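Text of the file run-v7.txt, holding compact mmCIF, C-alpha atoms:
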# COMPACT_ATOMS: atom_id res chain seq x y z
CA MET A 25 -5.11 22.89 21.53
CA ARG A 26 -2.51 25.55 20.83
CA ALA A 27 -0.37 25.21 17.74
CA PHE A 28 2.73 27.11 16.71
CA GLU A 29 4.05 27.36 13.20
CA GLY A 30 6.95 25.23 11.94
CA CYS A 31 7.63 21.72 10.69
CA PRO A 32 4.64 19.51 11.63
CA SER A 33 6.99 16.93 13.15
CA SER A 34 8.36 19.40 15.69
CA ARG A 35 5.53 21.92 15.95
CA THR A 36 4.62 22.59 19.59
CA ILE A 37 1.06 21.50 20.34
CA ASP A 38 -0.52 21.43 23.78
CA PHE A 39 -3.19 18.77 24.33
CA ARG A 40 -3.57 19.34 28.06
CA GLU A 41 -6.89 21.19 27.84
CA GLU A 42 -8.40 18.27 25.96
CA GLY A 43 -7.08 15.92 28.69
CA THR A 44 -8.54 12.52 29.35
CA LYS A 45 -12.13 13.26 30.26
CA GLU A 46 -13.19 9.66 30.74
CA GLU A 47 -11.70 7.55 33.46
CA SER A 48 -9.35 4.89 32.16
CA PRO A 49 -10.17 1.31 33.12
CA ALA A 50 -8.80 0.45 36.51
CA ALA A 51 -7.14 -2.77 35.36
CA LYS A 52 -3.51 -2.55 34.28
CA VAL A 53 -2.91 -3.06 30.58
CA LYS A 54 -0.37 -5.83 30.27
CA SER A 55 2.57 -5.55 27.91
CA GLU A 56 2.25 -7.55 24.70
CA LEU A 57 5.94 -7.21 23.87
CA ARG A 58 7.43 -10.67 23.29
CA GLN A 59 10.99 -9.93 22.20
CA TRP A 60 14.08 -7.81 22.76
CA PRO A 61 15.68 -5.78 21.18
CA ILE A 62 13.20 -3.72 19.21
CA GLN A 63 15.15 -0.87 17.61
CA LEU A 64 15.62 -1.60 13.90
CA HIS A 65 19.41 -1.07 14.04
CA LEU A 66 19.68 -3.51 16.92
CA ILE A 67 17.43 -6.34 15.84
CA SER A 68 18.48 -9.35 13.81
CA PRO A 69 15.86 -9.75 11.04
CA THR A 70 16.25 -13.50 11.12
CA ALA A 71 15.72 -13.85 14.88
CA PRO A 72 13.32 -16.73 15.70
CA TYR A 73 10.52 -14.39 16.76
CA TYR A 74 10.35 -12.96 13.22
CA GLN A 75 10.11 -16.31 11.42
CA GLY A 76 6.81 -16.64 9.55
CA THR A 77 5.10 -14.06 11.75
CA ASP A 78 3.12 -10.85 11.40
CA VAL A 79 5.51 -7.94 11.93
CA LEU A 80 4.88 -4.36 13.02
CA LEU A 81 7.30 -1.69 11.86
CA THR A 82 6.44 1.28 14.00
CA ALA A 83 7.61 4.87 14.04
CA ASP A 84 9.08 5.65 17.47
CA CYS A 85 6.30 8.03 18.48
CA VAL A 86 3.33 5.77 17.69
CA ALA A 87 3.27 3.77 20.91
CA TYR A 88 3.17 7.02 22.92
CA ALA A 89 0.31 8.50 20.90
CA MET A 90 -1.92 5.40 20.92
CA GLY A 91 -3.49 4.47 24.22
CA SER A 92 -4.37 0.99 23.03
CA PHE A 93 -1.18 0.19 21.16
CA HIS A 94 -0.38 -3.01 23.09
CA PRO A 95 -3.76 -4.81 23.00
CA ASP A 96 -4.90 -3.52 19.60
CA TYR A 97 -1.74 -3.64 17.51
CA LEU A 98 1.21 -5.30 19.23
CA LYS A 99 -0.66 -8.38 20.49
CA GLY A 100 0.45 -11.49 18.63
CA LYS A 101 2.99 -9.64 16.50
CA SER A 102 6.73 -9.07 16.44
CA ILE A 103 8.02 -5.53 16.23
CA ALA A 104 10.78 -3.16 15.23
CA ILE A 105 10.82 0.58 15.78
CA ALA A 106 12.59 3.34 13.90
CA CYS A 107 12.47 7.07 13.23
CA PRO A 108 12.65 7.90 9.54
CA LYS A 109 13.47 11.53 10.33
CA LEU A 110 16.30 11.23 12.84
CA ASP A 111 17.85 7.78 12.41
CA GLU A 112 21.04 7.44 10.40
CA GLY A 113 22.11 4.57 8.14
CA GLN A 114 18.67 3.93 6.73
CA GLU A 115 20.05 1.86 3.84
CA VAL A 116 20.66 -0.80 6.50
CA TYR A 117 16.95 -0.58 7.33
CA VAL A 118 16.00 -1.44 3.74
CA GLU A 119 18.28 -4.50 3.83
CA LYS A 120 16.86 -5.65 7.15
CA ILE A 121 13.28 -5.30 5.94
CA LYS A 122 14.23 -7.24 2.80
CA SER A 123 15.59 -9.99 5.02
CA TRP A 124 12.26 -10.18 6.81
CA PHE A 125 10.56 -10.84 3.48
CA GLY A 126 13.12 -13.18 1.96
CA GLU A 127 14.86 -14.97 4.84
CA ALA A 128 12.54 -14.75 7.84
CA LYS A 129 9.58 -15.33 5.49
CA ILE A 130 7.34 -13.10 7.57
CA ASN A 131 3.60 -13.45 6.98
CA THR A 132 2.67 -9.75 6.79
CA LEU A 133 4.17 -6.34 7.50
CA THR A 134 2.19 -3.48 9.04
CA VAL A 135 3.85 -0.06 9.08
CA LEU A 136 2.46 2.28 11.72
CA THR A 137 3.42 5.93 11.31
CA MET A 138 2.40 9.30 12.71
CA GLN A 139 0.48 11.79 10.60
CA VAL A 140 3.48 14.12 10.26
CA PRO A 141 4.77 14.07 6.65
CA CYS A 142 8.34 12.97 7.42
CA CYS A 143 7.00 9.79 9.01
CA MET A 144 5.93 8.54 5.58
CA GLY A 145 9.65 7.88 5.01
CA LEU A 146 9.19 4.64 6.95
CA VAL A 147 6.51 3.47 4.51
CA HIS A 148 8.82 4.33 1.61
CA LEU A 149 11.62 2.23 3.15
CA ALA A 150 9.25 -0.74 3.47
CA LYS A 151 7.99 -0.26 -0.08
CA GLU A 152 11.52 -0.07 -1.46
CA ALA A 153 12.42 -3.28 0.35
CA LEU A 154 9.30 -5.01 -0.98
CA ILE A 155 9.94 -3.90 -4.56
CA ASN A 156 13.48 -5.27 -4.35
CA SER A 157 12.43 -8.51 -2.70
CA LYS A 158 11.65 -11.60 -4.75
CA ARG A 159 9.20 -12.83 -2.15
CA LYS A 160 6.16 -10.59 -1.70
CA VAL A 161 3.96 -10.26 1.38
CA PRO A 162 0.92 -8.11 2.17
CA LEU A 163 2.06 -4.67 3.36
CA LYS A 164 -0.34 -2.36 5.16
CA SER A 165 0.21 1.28 6.11
CA ILE A 166 -1.64 2.72 9.10
CA VAL A 167 -1.40 6.43 9.85
CA VAL A 168 -2.01 7.60 13.41
CA SER A 169 -3.00 11.10 14.50
CA LEU A 170 -1.09 13.03 17.14
CA GLN A 171 -3.71 11.96 19.65
CA GLY A 172 -3.72 8.33 18.70
CA GLU A 173 -6.70 8.11 16.35
CA ILE A 174 -6.45 5.98 13.20
CA LEU A 175 -6.49 8.36 10.25
CA SER A 176 -6.07 5.86 7.44
CA GLU A 177 -5.45 2.19 6.87
CA GLU A 178 -4.49 1.00 3.43
CA TRP A 179 -2.76 -1.77 1.53
CA VAL A 180 0.45 -0.69 -0.12
CA MET B 30 -67.04 3.31 37.54
CA GLU B 31 -63.77 5.28 37.77
CA GLN B 32 -61.87 2.09 38.32
CA SER B 33 -63.34 0.43 35.26
CA ARG B 34 -62.37 3.51 33.21
CA ALA B 35 -58.82 3.27 34.52
CA GLU B 36 -58.85 -0.40 33.71
CA ALA B 37 -60.05 0.40 30.20
CA VAL B 38 -57.22 2.95 29.73
CA TYR B 39 -54.73 0.47 31.14
CA SER B 40 -55.96 -2.26 28.86
CA PHE B 41 -55.81 0.16 25.87
CA ILE B 42 -52.18 1.05 26.68
CA LYS B 43 -51.37 -2.61 27.16
CA ARG B 44 -52.90 -3.39 23.79
CA LEU B 45 -50.88 -0.59 22.17
CA LYS B 46 -47.71 -1.92 23.75
CA ASN B 47 -48.57 -5.39 22.61
CA ASP B 48 -49.12 -4.10 19.07
CA GLU B 49 -45.75 -2.36 19.18
CA TYR B 50 -44.19 -5.56 20.47
CA GLU B 51 -45.87 -7.58 17.76
CA ARG B 52 -44.73 -5.11 15.08
CA GLY B 53 -41.16 -5.26 16.40
CA ARG B 54 -41.40 -9.03 16.23
CA GLU B 55 -42.82 -8.78 12.73
CA MET B 56 -39.86 -6.68 11.54
CA ASP B 57 -37.44 -9.02 13.26
CA GLN B 58 -39.12 -11.82 11.37
CA TYR B 59 -38.64 -9.95 8.06
CA LEU B 60 -34.97 -9.37 8.85
CA ASN B 61 -34.71 -13.15 9.06
CA THR B 62 -36.58 -13.80 5.82
CA PRO B 63 -34.82 -14.93 2.60
CA ILE B 64 -34.70 -11.93 0.28
CA LYS B 65 -36.31 -13.68 -2.70
CA GLU B 66 -39.34 -14.48 -0.56
CA LEU B 67 -39.55 -10.87 0.61
CA ILE B 68 -39.18 -9.44 -2.91
CA THR B 69 -41.81 -11.82 -4.26
CA LYS B 70 -44.22 -10.71 -1.55
CA PHE B 71 -43.24 -7.01 -1.77
CA PRO B 72 -41.68 -6.28 -5.22
CA LYS B 73 -41.09 -2.65 -4.23
CA VAL B 74 -38.50 -3.88 -1.70
CA GLY B 75 -36.37 -5.06 -4.63
CA GLU B 76 -36.59 -1.62 -6.24
CA ILE B 77 -35.49 0.05 -3.01
CA LEU B 78 -32.51 -2.30 -2.69
CA GLU B 79 -31.52 -1.55 -6.31
CA GLU B 80 -31.38 2.16 -5.46
CA TYR B 81 -28.68 1.33 -2.91
CA GLU B 82 -26.81 -0.79 -5.49
CA ILE B 83 -27.92 -4.00 -3.80
CA GLY B 84 -28.65 -6.28 -6.73
CA CYS B 85 -30.84 -8.96 -5.16
CA VAL B 86 -33.56 -8.81 -7.83
CA PRO B 87 -31.64 -10.59 -10.63
CA CYS B 88 -30.04 -13.08 -8.19
CA HIS B 89 -31.36 -16.51 -9.06
CA VAL B 90 -30.79 -17.95 -5.58
CA GLY B 91 -32.02 -15.21 -3.23
CA SER B 92 -31.63 -17.23 -0.06
CA CYS B 93 -29.69 -14.48 1.80
CA LEU B 94 -31.53 -13.05 4.79
CA LEU B 95 -32.39 -9.34 4.77
CA LYS B 96 -30.24 -8.72 7.88
CA ASP B 97 -27.21 -10.40 6.25
CA ILE B 98 -27.71 -8.37 3.08
CA ILE B 99 -27.59 -5.17 5.08
CA GLU B 100 -24.38 -6.27 6.81
CA VAL B 101 -22.68 -7.67 3.73
CA HIS B 102 -23.24 -4.53 1.65
CA ASN B 103 -21.54 -2.33 4.22
CA LEU B 104 -24.17 0.41 4.20
CA SER B 105 -23.45 3.44 6.34
CA GLU B 106 -25.60 3.87 9.45
CA LYS B 107 -27.57 6.63 7.69
CA GLU B 108 -28.18 4.50 4.60
CA GLU B 109 -29.13 1.51 6.71
CA LYS B 110 -31.70 3.55 8.62
CA GLU B 111 -33.11 5.01 5.41
CA VAL B 112 -33.37 1.68 3.65
CA MET B 113 -34.98 -0.03 6.63
CA VAL B 114 -37.53 2.75 7.17
CA ARG B 115 -38.47 2.58 3.49
CA ILE B 116 -38.74 -1.21 3.57
CA SER B 117 -40.86 -1.10 6.74
CA LYS B 118 -43.24 1.36 5.04
CA ILE B 119 -43.65 -1.08 2.16
CA ILE B 120 -44.27 -3.99 4.49
CA ASP B 121 -46.76 -2.10 6.63
CA PRO B 122 -47.62 1.40 5.29
CA ASP B 123 -50.08 2.21 8.09
CA LYS B 124 -47.78 1.63 10.99
CA VAL B 125 -44.61 3.23 12.22
CA ILE B 126 -42.32 0.35 12.92
CA SER B 127 -39.21 0.59 15.04
CA ILE B 128 -36.38 -1.06 13.15
CA PRO B 129 -33.90 -3.25 14.97
CA VAL B 130 -30.30 -2.32 14.30
CA VAL B 131 -28.50 -4.96 12.27
CA GLU B 132 -25.61 -6.35 14.27
CA ARG B 133 -22.29 -6.16 12.44
CA LYS B 134 -19.30 -8.40 12.89
CA SER B 135 -16.99 -5.74 11.44
CA LYS B 136 -16.83 -1.97 11.66
CA ILE B 137 -18.41 0.10 8.89
CA LYS B 138 -15.67 1.53 6.77
CA SER B 139 -15.77 3.54 3.57
CA ARG B 140 -17.73 1.90 0.73
CA GLU B 141 -14.81 2.61 -1.57
CA ILE B 142 -13.20 -0.73 -2.35
CA HIS B 143 -9.56 -1.33 -1.42
CA TYR B 144 -8.75 -5.00 -1.88
CA SER B 145 -6.16 -6.78 0.23
CA PRO B 146 -3.34 -8.35 -1.85
CA PRO B 147 -4.91 -11.86 -1.98
CA MET B 148 -8.31 -10.45 -2.99
CA ARG B 149 -6.57 -8.25 -5.57
CA LYS B 150 -5.15 -11.44 -7.12
CA LEU B 151 -8.67 -12.90 -7.49
CA VAL B 152 -10.02 -9.64 -8.92
CA ASP B 153 -7.17 -9.58 -11.46
CA GLU B 154 -8.03 -13.15 -12.47
CA HIS B 155 -11.64 -12.02 -12.94
CA ALA B 156 -10.37 -9.37 -15.34
CA LEU B 157 -9.09 -12.07 -17.73
CA ILE B 158 -12.31 -14.08 -17.40
CA LYS B 159 -14.33 -10.93 -18.14
CA ARG B 160 -12.30 -10.39 -21.30
CA TRP B 161 -13.34 -13.88 -22.44
CA ILE B 162 -16.98 -13.23 -21.51
CA ALA B 163 -16.92 -9.99 -23.51
CA LEU B 164 -15.90 -11.96 -26.60
CA ILE B 165 -18.80 -14.43 -26.43
CA PRO B 166 -21.35 -12.42 -28.49
CA GLU B 167 -18.76 -11.90 -31.27
CA ILE B 168 -17.74 -15.56 -31.18
CA LEU B 169 -21.35 -16.64 -31.63
CA LYS B 170 -21.87 -14.10 -34.40
CA HIS B 171 -19.03 -15.56 -36.47
CA LEU B 172 -19.42 -19.22 -35.51
CA GLU B 173 -19.43 -21.63 -38.44
CA VAL B 174 -20.09 -25.12 -37.16
CA GLU B 175 -19.91 -26.83 -40.56
CA LEU B 176 -16.43 -25.55 -41.44
CA GLU B 177 -13.52 -27.80 -40.59
CA GLY B 178 -12.00 -26.38 -37.43
CA GLY B 179 -14.94 -23.99 -37.13
CA LEU B 180 -15.57 -25.18 -33.60
CA TRP B 181 -12.02 -24.85 -32.28
CA VAL B 182 -12.93 -21.58 -30.59
CA ILE B 183 -15.66 -23.35 -28.62
CA TYR B 184 -13.40 -26.21 -27.52
CA ASP B 185 -10.53 -23.84 -26.68
CA GLY B 186 -12.96 -21.54 -24.89
CA ALA B 187 -14.30 -24.46 -22.87
CA ASP B 188 -10.71 -25.40 -22.04
CA PHE B 189 -10.08 -21.83 -20.83
CA ILE B 190 -13.17 -21.98 -18.62
CA ARG B 191 -12.34 -25.40 -17.22
CA SER B 192 -8.61 -24.93 -16.73
CA TYR B 193 -8.32 -21.25 -15.86
CA ALA B 194 -11.71 -20.02 -14.60
CA ASP B 195 -12.58 -23.24 -12.80
CA ARG B 196 -9.61 -25.43 -11.85
CA PHE B 197 -7.26 -22.48 -11.28
CA HIS B 198 -9.47 -19.60 -10.09
CA HIS B 199 -12.57 -21.22 -8.58
CA ALA B 200 -10.41 -23.83 -6.89
CA LYS B 201 -8.55 -21.03 -5.08
CA GLU B 202 -11.90 -19.88 -3.75
CA GLU B 203 -13.37 -23.27 -2.94
CA ASP B 204 -10.28 -25.02 -1.55
CA ILE B 205 -8.60 -22.07 0.16
CA LEU B 206 -10.59 -18.84 0.59
CA PHE B 207 -13.95 -20.30 1.63
CA GLU B 208 -12.18 -22.39 4.29
CA TYR B 209 -11.82 -19.20 6.31
CA PHE B 210 -15.60 -18.71 6.44
CA ASP B 211 -18.65 -20.70 7.36
CA ARG B 212 -19.68 -22.60 4.21
CA ASN B 213 -23.27 -22.57 5.39
CA LEU B 214 -23.50 -18.80 5.00
CA ASP B 215 -25.99 -17.97 2.27
CA ILE B 216 -23.53 -15.74 0.44
CA ILE B 217 -21.02 -18.61 0.16
CA LYS B 218 -23.71 -21.14 -0.78
CA THR B 219 -24.84 -18.78 -3.57
CA MET B 220 -21.32 -18.56 -4.98
CA LEU B 221 -20.86 -22.34 -4.85
CA GLU B 222 -24.17 -22.82 -6.65
CA ASP B 223 -23.00 -20.39 -9.35
CA HIS B 224 -19.81 -22.44 -9.79
CA GLU B 225 -21.85 -25.63 -10.16
CA LYS B 226 -24.21 -24.04 -12.68
CA GLY B 227 -21.21 -22.82 -14.69
CA ARG B 228 -19.83 -26.37 -14.79
CA THR B 229 -23.17 -27.71 -15.99
CA HIS B 230 -23.29 -25.15 -18.82
CA VAL B 231 -19.74 -25.96 -19.94
CA LYS B 232 -20.49 -29.69 -19.99
CA ALA B 233 -23.62 -29.05 -22.07
CA LEU B 234 -21.67 -26.66 -24.30
CA ILE B 235 -19.14 -29.36 -25.20
CA GLU B 236 -21.91 -31.91 -25.78
CA SER B 237 -23.63 -29.44 -28.12
CA ALA B 238 -20.35 -28.76 -29.95
CA ASP B 239 -19.80 -32.51 -30.43
CA LYS B 240 -23.24 -32.67 -32.07
CA LYS B 241 -22.62 -29.45 -34.05
CA ASP B 242 -25.80 -28.20 -32.45
CA ILE B 243 -25.56 -24.44 -32.94
CA MET B 244 -28.69 -23.74 -30.86
CA GLY B 245 -27.31 -25.69 -27.92
CA ILE B 246 -23.93 -23.97 -28.23
CA SER B 247 -25.54 -20.50 -28.26
CA GLN B 248 -27.90 -21.32 -25.42
CA HIS B 249 -25.22 -22.59 -23.04
CA LEU B 250 -22.55 -20.07 -23.98
CA LEU B 251 -24.96 -17.16 -23.48
CA ALA B 252 -26.22 -18.66 -20.23
CA TYR B 253 -22.59 -18.93 -19.07
CA HIS B 254 -22.02 -15.32 -20.20
CA ASP B 255 -24.94 -14.06 -18.08
CA LEU B 256 -24.19 -16.27 -15.09
CA LEU B 257 -20.49 -15.37 -14.88
CA SER B 258 -21.03 -11.65 -15.52
CA GLU B 259 -23.40 -11.47 -12.56
CA HIS B 260 -21.25 -13.82 -10.46
CA ILE B 261 -18.07 -11.79 -10.93
CA LYS B 262 -19.89 -8.54 -10.14
CA LYS B 263 -21.21 -10.08 -6.90
CA GLU B 264 -17.77 -11.28 -5.89
CA ASP B 265 -15.87 -8.10 -6.81
CA GLU B 266 -18.35 -5.69 -5.30
CA ILE B 267 -19.87 -7.59 -2.40
CA LEU B 268 -18.20 -10.85 -1.42
CA TYR B 269 -14.51 -9.92 -1.50
CA PRO B 270 -14.90 -6.53 0.24
CA TRP B 271 -17.01 -8.22 2.94
CA MET B 272 -14.41 -10.97 3.34
CA ASP B 273 -11.64 -8.38 3.56
CA ARG B 274 -13.52 -6.64 6.36
CA ASN B 275 -13.73 -9.90 8.28
CA LEU B 276 -10.26 -11.37 7.73
CA SER B 277 -7.48 -10.78 10.26
CA MET B 278 -4.07 -9.56 9.13
CA THR B 279 -2.65 -13.04 9.82
CA GLN B 280 -5.32 -14.66 7.62
CA VAL B 281 -4.64 -12.17 4.81
CA GLY B 282 -0.94 -13.15 4.91
CA GLN B 283 -1.78 -16.88 4.92
CA LEU B 284 -4.17 -16.50 1.98
CA TYR B 285 -1.63 -14.53 -0.02
CA SER B 286 1.04 -17.11 0.54
CA ARG B 287 -1.30 -20.03 -0.29
CA PHE B 288 -2.46 -18.31 -3.49
CA ASN B 289 1.18 -17.75 -4.44
CA GLU B 290 1.86 -21.47 -3.96
CA VAL B 291 -0.99 -22.29 -6.37
CA ASP B 292 0.37 -19.75 -8.90
CA GLU B 293 3.83 -21.28 -8.72
CA ARG B 294 2.50 -24.85 -8.99
CA SER B 295 0.29 -24.24 -12.00
CA ASP B 296 1.78 -21.51 -14.12
CA ILE B 297 -0.99 -21.24 -16.70
CA THR B 298 -1.76 -17.53 -16.53
CA GLU B 299 0.61 -16.49 -19.32
CA LYS B 300 -0.70 -19.22 -21.63
CA TYR B 301 -4.30 -18.09 -21.20
CA LYS B 302 -3.46 -14.38 -21.37
CA LYS B 303 -1.99 -15.10 -24.81
CA PHE B 304 -5.08 -17.13 -25.76
CA ILE B 305 -7.42 -14.23 -24.88
CA LEU B 306 -5.18 -11.67 -26.58
CA ASN B 307 -5.15 -13.73 -29.80
CA LEU B 308 -8.93 -14.05 -29.72
CA GLU B 309 -9.35 -10.32 -29.12
CA GLU B 310 -7.11 -9.51 -32.09
CA LYS B 311 -8.89 -12.04 -34.29
CA TYR B 312 -12.40 -10.76 -33.51
CA GLN B 313 -11.32 -7.15 -33.64
CA ARG B 314 -9.97 -7.82 -37.16
CA LYS B 315 -13.28 -9.45 -38.10
CA GLU B 316 -15.15 -6.45 -36.77
CA ILE B 317 -12.95 -4.01 -38.73
CA LYS B 318 -13.37 -6.14 -41.84
CA ASN B 319 -17.16 -6.14 -41.40
CA GLU B 320 -17.24 -2.39 -40.85
CA SER B 321 -15.19 -1.74 -44.00
CA ILE B 322 -17.58 -3.91 -46.04

Any chance you could give the structure as C-alpha cells?
Amino acid sequence: MRAFEGCPSSRTIDFREEGTKEESPAAKVKSELRQWPIQLHLISPTAPYYQGTDVLLTADCVAYAMGSFHPDYLKGKSIAIACPKLDEGQEVYVEKIKSWFGEAKINTLTVLTMQVPCCMGLVHLAKEALINSKRKVPLKSIVVSLQGEILSEEWV
Amino acid sequence: MEQSRAEAVYSFIKRLKNDEYERGREMDQYLNTPIKELITKFPKVGEILEEYEIGCVPCHVGSCLLKDIIEVHNLSEKEEKEVMVRISKIIDPDKVISIPVVERKSKIKSREIHYSPPMRKLVDEHALIKRWIALIPEILKHLEVELEGGLWVIYDGADFIRSYADRFHHAKEEDILFEYFDRNLDIIKTMLEDHEKGRTHVKALIESADKKDIMGISQHLLAYHDLLSEHIKKEDEILYPWMDRNLSMTQVGQLYSRFNEVDERSDITEKYKKFILNLEEKYQRKEIKNESI
C-alpha cells in the first residue's frame, strides 16, 4: 500500500499489491436492492418501501469498499445513499431522516460510513434528526475501512 | 514371535487411542453437565470460573451447562482455552485432555458492554430498583412496627416491587423479551425462577407486615435484597449482552417499539422515581441525624 499525504478522504492509496489473493466464489452475487431511487435528495422518505422497515443510510463509497455489501447489509433493508462531504443542501437530509422516524415509522436506522473523518458527518445528520424527532428508533453506526473491513459497530 | 510383538504394539496403540477417545468423550460429557453438579463434584472449578468473573458459585439454580456458560459469558478464544485447560486439569490431573471448542451462535466481540436501546431501557429500570434495594438495610434499621403508620414504608415498598419491578419491568421481560428466545434455555429458566422467588418473598413480606412480625419482615426483605441484587447483576452483565449478541437489527427495533408502547400505556416511572427519591432523602436525613447524635 502506498499512501500520500493530504486529507484522508482524498489521499491517494494504492491497494493493487494487496489484490484479491483468494478466488472469489464462482456464483454471481445477486442484487438485494429492492427500490429506486436511492440517492437521499431523490427519495421520498414516505415511499411504501420505507414504511416500518429497517433502513440503511450509506455513504456513497461504502458499497464499493465492501465486497459483501449486498448479502450482509442490504438484504431485507431499504436504503438511501449520500455523501456528507460533497453533497449540498444537507438541511434537507435532516428533514428527510426525521420523516423516516416520524412519518414512515421506520423500525431501525443503520448508518454505514467510511473510516475517513468527514464521513462521520452522515452520522451527525442522523443524530440531529433523531434528537429533533418525537419518535425514537434504534440508531446504529458502522464504520468501514478503506478495504471493506468493519472497524466499529455501535449504538448511537 | 515378531508378529505377536507387532500385534502387542498395535493393541497398545489402539488402547491409547481408545483412552484418548474416552477422555474426549468424558470432557464432552462435562461440557454437557449442569454447572452446580460440576462445582459440587469439583469445587475448584467454581473458583476458576470466579477468576473469569463467571459467578456460578452463588447461583442458587445452577442448571446451566458448562458449554452454555462458556458461550453466554463471551470469553475470548484465549480465555476460553485457558479456562477449559484449567478445568480439565481439575477433572483429571493426570491426563492431558483435548478440549472440544464450544460452538458459538454469535461472533465473539469485545467484552465491554454496549447495550442496544431496548436493553438500555431495561438496565435503566434496574437502576431504580437497585436504589430501592440499597435502602433496605436502612429501612430495617429504623423500622418501628408498633408505631401508627410505622409500616407504611413496607407496604409502599411492596407496592413499588409489585407495580414497578414486577408488573412493569419483569412483565417486559416475560411477555416481550423472552419471546424472542427459547424459554427452555437454562439461562431463561433461571431468570424466571428468580422472578417467582421474588414474588413469593413479597407475598410473605406483606403477610408478615399484616401480623407486625418484625422477624418475618426482615427475613423476607433481606432475602429479596440478596435475590434481586444477584439477579440484576446476572441480567446486566450476562443475559442482556448475550441477548444483544443474538438479536437481529429488526428484532432490536421491534423490541424497542414494544417497550415504548408499554411505557406509554403505563406511565408509572415518574411516580416511582419520586417515591425512591423521597425515601432516599428521608433515610439520608435519619443517617445525618444519627451521626450528629

Near chain A, 10 Å: chain B residue rows, closest pairs, all atoms listed in the file, as a Markdown table:
| residue | atom | partner | partner_atom | distance |
| --- | --- | --- | --- | --- |
| B:His143 | CA | A:Glu178 | CA | 7.4 |
| B:Tyr144 | CA | A:Trp179 | CA | 7.6 |
| B:Ser145 | CA | A:Trp179 | CA | 6.2 |
| B:Pro146 | CA | A:Pro162 | CA | 5.9 |
| B:Pro147 | CA | A:Pro162 | CA | 8.1 |
| B:Met278 | CA | A:Thr132 | CA | 7.1 |
| B:Thr279 | CA | A:Asp78 | CA | 6.4 |
| B:Gln280 | CA | A:Asn131 | CA | 9.0 |
| B:Val281 | CA | A:Pro162 | CA | 7.4 |
| B:Gly282 | CA | A:Asn131 | CA | 5.0 |
| B:Gln283 | CA | A:Asn131 | CA | 6.7 |
| B:Leu284 | CA | A:Asn131 | CA | 9.7 |
| B:Tyr285 | CA | A:Val161 | CA | 7.2 |
| B:Ser286 | CA | A:Val161 | CA | 7.5 |
| B:Asn289 | CA | A:Lys160 | CA | 9.1 |

> Between B:Ile165, B:Gly84, B:Asp97, B:Leu276, which is the closest to Asn61 (chain B) once you count all atoms listed in the file?
Replying inline: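 Going through B:Ile165, B:Gly84, B:Asp97, B:Leu276 one by one, the smallest distance to Asn61 (chain B) is for B:Asp97.
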
> CA of Ser33 (chain A) and CA of Thr137 (chain A) are how many Å apart?
Replying inline: 11.7 Å

> Counting only C-alpha atoms, what is within 9 Å of region 104-120 of chain A, bar same-chain residues fewer than 3 positions away, as a PyMOL selection string?
Replying inline: chain A and resi 33+61-65+67-70+79-85+123-125+142-146+149-154

Dump of C-alpha atoms for the selected residues, as a compact mmCIF listing (two decimals), in the coordinates of the input:
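Final output, part-v1.txt:
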# COMPACT_ATOMS: atom_id res chain seq x y z
CA SER A 33 6.99 16.93 13.15
CA PRO A 61 15.68 -5.78 21.18
CA ILE A 62 13.20 -3.72 19.21
CA GLN A 63 15.15 -0.87 17.61
CA LEU A 64 15.62 -1.60 13.90
CA HIS A 65 19.41 -1.07 14.04
CA ILE A 67 17.43 -6.34 15.84
CA SER A 68 18.48 -9.35 13.81
CA PRO A 69 15.86 -9.75 11.04
CA THR A 70 16.25 -13.50 11.12
CA VAL A 79 5.51 -7.94 11.93
CA LEU A 80 4.88 -4.36 13.02
CA LEU A 81 7.30 -1.69 11.86
CA THR A 82 6.44 1.28 14.00
CA ALA A 83 7.61 4.87 14.04
CA ASP A 84 9.08 5.65 17.47
CA CYS A 85 6.30 8.03 18.48
CA SER A 123 15.59 -9.99 5.02
CA TRP A 124 12.26 -10.18 6.81
CA PHE A 125 10.56 -10.84 3.48
CA CYS A 142 8.34 12.97 7.42
CA CYS A 143 7.00 9.79 9.01
CA MET A 144 5.93 8.54 5.58
CA GLY A 145 9.65 7.88 5.01
CA LEU A 146 9.19 4.64 6.95
CA LEU A 149 11.62 2.23 3.15
CA ALA A 150 9.25 -0.74 3.47
CA LYS A 151 7.99 -0.26 -0.08
CA GLU A 152 11.52 -0.07 -1.46
CA ALA A 153 12.42 -3.28 0.35
CA LEU A 154 9.30 -5.01 -0.98

Residues within 10 Å of Cys88 (chain B), please, as a PDB file with C-alpha atoms, in the coordinates of the input. Count all atoms listed in the file; anything in the same chain fewer than 6 positions from it doesn't count.
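Saved result, part_35.pdb, follows:
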ATOM      1  CA  ILE B  64     -34.700 -11.930   0.280  1.00  0.00           C
ATOM      2  CA  LYS B  65     -36.310 -13.680  -2.700  1.00  0.00           C
ATOM      3  CA  THR B 219     -24.840 -18.780  -3.570  1.00  0.00           C
ATOM      4  CA  LEU B 256     -24.190 -16.270 -15.090  1.00  0.00           C
ATOM      5  CA  GLU B 259     -23.400 -11.470 -12.560  1.00  0.00           C
ATOM      6  CA  HIS B 260     -21.250 -13.820 -10.460  1.00  0.00           C
ATOM      7  CA  LYS B 263     -21.210 -10.080  -6.900  1.00  0.00           C
TER       8      LYS B 263
END

>> Env of Glu173 (chain A): 8 Å cut, atoms = only C-alpha atoms, seq-sep filter 4 positions within chain, self excluded. Answer as a list in words.
In response: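 Non-adjacent residues within range: Met90, Val168 and Ser169 of chain A.
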
Take the residues just selected and output them with C-alpha atoms as a PDB file, in the frame of the given file.
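Produced file again11.pdb, reproduced below:
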ATOM      1  CA  MET A  90      -1.920   5.400  20.920  1.00  0.00           C
ATOM      2  CA  VAL A 168      -2.010   7.600  13.410  1.00  0.00           C
ATOM      3  CA  SER A 169      -3.000  11.100  14.500  1.00  0.00           C
TER       4      SER A 169
END

> In Å, with one decimal, what is the gap from CA of Ser176 (chain A) to CA of Leu57 (chain A)?
Replying inline: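 We find that CA of Ser176 (chain A) and CA of Leu57 (chain A) lie 24.2 Å from each other.
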
> How many Å lie between CA of Ser192 (chain B) and CA of Ser295 (chain B), rounded to one decimal?
Replying inline: 10.1 Å
